[in-house]
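Undergrad: Let me give you the structure first, and then I'll get to my questions.
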Amino acid sequence: MDDEGAAARAGGRLPGDPVPDPGLGLGDETPPVPPSGPPPRRRAGRTFVHALPVLLIVVAILYDIFTPRYFTAGPLYTAAPLVAAPLYSRRGTALTGVAVVVAVIGLQLGKGVIHYVDSLTELITIATVAVLAVLVNGMVRRSSERLVSVREIAEAAQRAVLPQPAERIAGFEIAVCYEAAQADAFIGGDLYAVQDSARGVRLIVGDVRGKGMGAVAAVAVVIGAFREAAEQEATLEAVAQRLERALAREGTRRDGLDAFEGFTTAVLAELPHGDGTVRIVNRGHPPPLLLHGDGTLGPLPAHESALPLGMGELGVWPDRAEEVAFPGGATLLLYTDGLTEARDAKGEFYDPQARLAGRVFPHPATLLDTLAEDVRRHSGGGMADDMALLAVRRPRRADHDHCDEP
């Protein structure tokens, strides 16, 4: 099975993947199916742009036909192959240039002005621009190929650093989503990971301060340390301390201001096997939301404040995991501040608690698809920060038994 199939089974998706419009109705009714392809207005705009070189030629010919012999539509002729260069194939661009040159020669012969110096100069200019348009087309195509290669490399890095978890781990249903604020970016400073262990399924969602490759490097450090600690450490508190030490070591390798101010907000969760509870350690991160099967929900704030990971030199407080009930049919939602800091046109922040209240989702993937589409609508598609979402659902006993049937 290919990677895309694995991602689909995991209920997660990569930035740039199409997201079904889940609608905004309450309850667990079947969401409306959105029309395939781009919106009609966008399709019409693309069609017009694609037809623009032909329209320029037609308008230029009509202009030359219905105006006096010494009037010329030279600028329209030169524009046609240049517009075609980034839109058409090399053959299409060349044919556009040939059509322009043939049209100019035919019209000049019809007007009887082809032997004039001005007309000959115009013809040479248009022919030169047509040749240059073919060269420009080749450069654009090579740039597009390099862009595709870069995107493929970025996607591979995304899967390597933040791999998609399995759809079901130790009986829990899992889904993840990553939305990068920067166009065409696949990974930034947000992170998530899921790791099964002898003491339960352990999760982390975090946000590294800063941007660029430094943040990506810190993400890799945190994820690597978490996976190792999640299997080895006896308690969730010890896992948090291992991450603290890993970031401290990373900080010593950095130069400049970031060596002193680098930190990572994170929330860690532990779902013990066969126990209807969840244990949480919050290190300066937005509190998770617990969505119950009846549509009620509420945040799980930390009762004792704690510094983000990587700020241990400012003070030492022992981590204390807080335990709450996690009944069957409930879903735990962990997220980064890219969700709550998304603003609409009026500057109002997105409130996931208010937007999700009263709603029931049959699967974590449905919840994340709905949430991602809703916040995209709220912000008009212009998110200010990356957003990572992780949802885990504890199936009801009846659902679990049904899944175990042969």
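Quick note on naming: the chains in the structure tokens go A, B, ... in the order shown, residues restart at 1 in each chain, and ligands are numbered from 1 in order of appearance.
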Using only C-alpha atoms, which protein or nucleic acid residues come within 10 Å of Thr235 of chain A? Drop anything in the same chain fewer than 4 positions from it, and give the result as an NGL selection string.
TA: :A and (199 or 229-230 or 239-240 or 270 or 279 or 321)
Undergrad: For the residues in the current selection, export N, CA, C and O atoms as an mmCIF file, in the first residue's frame.
TA:
data_model
loop_
_atom_site.group_PDB
_atom_site.id
_atom_site.type_symbol
_atom_site.label_atom_id
_atom_site.label_comp_id
_atom_site.auth_asym_id
_atom_site.auth_seq_id
_atom_site.Cartn_x
_atom_site.Cartn_y
_atom_site.Cartn_z
ATOM 1 N N ARG A 199 2.867 0.943 29.541
ATOM 2 C CA ARG A 199 2.035 1.633 30.537
ATOM 3 C C ARG A 199 0.870 2.385 29.902
ATOM 4 O O ARG A 199 0.156 3.088 30.594
ATOM 5 N N ALA A 229 11.695 8.080 25.244
ATOM 6 C CA ALA A 229 11.286 8.177 26.643
ATOM 7 C C ALA A 229 9.936 7.519 26.877
ATOM 8 O O ALA A 229 9.686 6.941 27.940
ATOM 9 N N ALA A 230 9.016 7.607 25.900
ATOM 10 C CA ALA A 230 7.685 7.045 26.073
ATOM 11 C C ALA A 230 7.731 5.545 26.288
ATOM 12 O O ALA A 230 6.888 4.981 26.995
ATOM 13 N N VAL A 239 8.821 11.276 31.473
ATOM 14 C CA VAL A 239 8.920 11.563 30.037
ATOM 15 C C VAL A 239 9.142 13.057 29.814
ATOM 16 O O VAL A 239 9.989 13.466 29.014
ATOM 17 N N ALA A 240 8.387 13.894 30.522
ATOM 18 C CA ALA A 240 8.548 15.340 30.392
ATOM 19 C C ALA A 240 9.953 15.771 30.779
ATOM 20 O O ALA A 240 10.551 16.651 30.127
ATOM 21 N N GLU A 270 -1.334 10.455 28.602
ATOM 22 C CA GLU A 270 -1.133 9.017 28.736
ATOM 23 C C GLU A 270 -2.492 8.351 28.903
ATOM 24 O O GLU A 270 -3.289 8.746 29.759
ATOM 25 N N ARG A 279 -4.180 10.723 31.717
ATOM 26 C CA ARG A 279 -3.261 11.488 32.561
ATOM 27 C C ARG A 279 -2.587 12.525 31.681
ATOM 28 O O ARG A 279 -2.147 12.217 30.566
ATOM 29 N N ALA A 321 1.308 14.959 36.928
ATOM 30 C CA ALA A 321 0.276 14.582 35.973
ATOM 31 C C ALA A 321 -1.094 14.670 36.630
ATOM 32 O O ALA A 321 -1.280 14.278 37.782
#
Undergrad: Can you tell me, as a PDB file with all heavy atoms, in the first residue's frame, what residues are no more than 7 Å from Ala80 of chain A when counting only C-alpha atoms, ignoring any on the same chain fewer than 6 positions away?
TA:
ATOM      1  N   PRO A  53      -4.110  34.472 -24.714  1.00  0.00           N
ATOM      2  CA  PRO A  53      -3.280  34.668 -25.922  1.00  0.00           C
ATOM      3  C   PRO A  53      -4.091  34.642 -27.208  1.00  0.00           C
ATOM      4  O   PRO A  53      -3.857  35.458 -28.112  1.00  0.00           O
ATOM      5  CB  PRO A  53      -2.294  33.491 -25.853  1.00  0.00           C
ATOM      6  CG  PRO A  53      -2.193  33.173 -24.402  1.00  0.00           C
ATOM      7  CD  PRO A  53      -3.575  33.385 -23.863  1.00  0.00           C
ATOM      8  N   LEU A  56      -6.036  37.884 -27.506  1.00  0.00           N
ATOM      9  CA  LEU A  56      -5.170  38.994 -27.912  1.00  0.00           C
ATOM     10  C   LEU A  56      -4.939  38.984 -29.420  1.00  0.00           C
ATOM     11  O   LEU A  56      -4.951  40.043 -30.084  1.00  0.00           O
ATOM     12  CB  LEU A  56      -3.837  38.913 -27.169  1.00  0.00           C
ATOM     13  CG  LEU A  56      -3.876  39.263 -25.680  1.00  0.00           C
ATOM     14  CD1 LEU A  56      -2.537  38.938 -25.032  1.00  0.00           C
ATOM     15  CD2 LEU A  56      -4.209  40.733 -25.486  1.00  0.00           C
ATOM     16  N   ILE A  57      -4.708  37.795 -29.979  1.00  0.00           N
ATOM     17  CA  ILE A  57      -4.481  37.703 -31.423  1.00  0.00           C
ATOM     18  C   ILE A  57      -5.728  38.111 -32.192  1.00  0.00           C
ATOM     19  O   ILE A  57      -5.662  38.861 -33.182  1.00  0.00           O
ATOM     20  CB  ILE A  57      -4.048  36.268 -31.798  1.00  0.00           C
ATOM     21  CG1 ILE A  57      -2.699  35.932 -31.136  1.00  0.00           C
ATOM     22  CG2 ILE A  57      -3.945  36.117 -33.317  1.00  0.00           C
ATOM     23  CD1 ILE A  57      -2.257  34.497 -31.345  1.00  0.00           C
TER      24      ILE A  57
END
Undergrad: Using atom CA of Asp374 of chain A and atom CA of Pro308 of chain A as the two end points, give the distance in Å to one decimal.
TA: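 Taking atom CA of Asp374 of chain A and atom CA of Pro308 of chain A, their separation equals 28.7 Å.
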Undergrad: Could you write out, as a PyMOL selection string, all the residues of segment 145-351 of chain A that DSSP marks as alpha helix (DSSP H)?
TA: chain A and resi 145-161+212-232+236-252+258-261+337-340
Undergrad: Pick out the closest residue to Pro299 of chain A from this set: A:Leu76, A:Ala269, A:Ala234, A:Leu332. Count only C-alpha atoms.
TA: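 Looking only at the distances to Pro299 of chain A, the closest residue turns out to be A:Leu332.
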Undergrad: When distances are computed from only C-alpha atoms, which of A:Ile223, A:Ile169, A:Ala365, A:Leu62 shows the smallest separation from Ala193 of chain A?
TA: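 Ranked by minimum distance to Ala193 of chain A, first place goes to A:Ile223.
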Undergrad: By how many Å are atom CA of Arg168 of chain A and atom CA of Ala391 of chain A apart?
TA: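 Interatomic distance here is 11.6 Å.
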Undergrad: Would you compute the distance between atom CA of Ala372 of chain A and atom CA of Gly276 of chain A? Give it in Å to one decimal.
TA: 28.0 Å
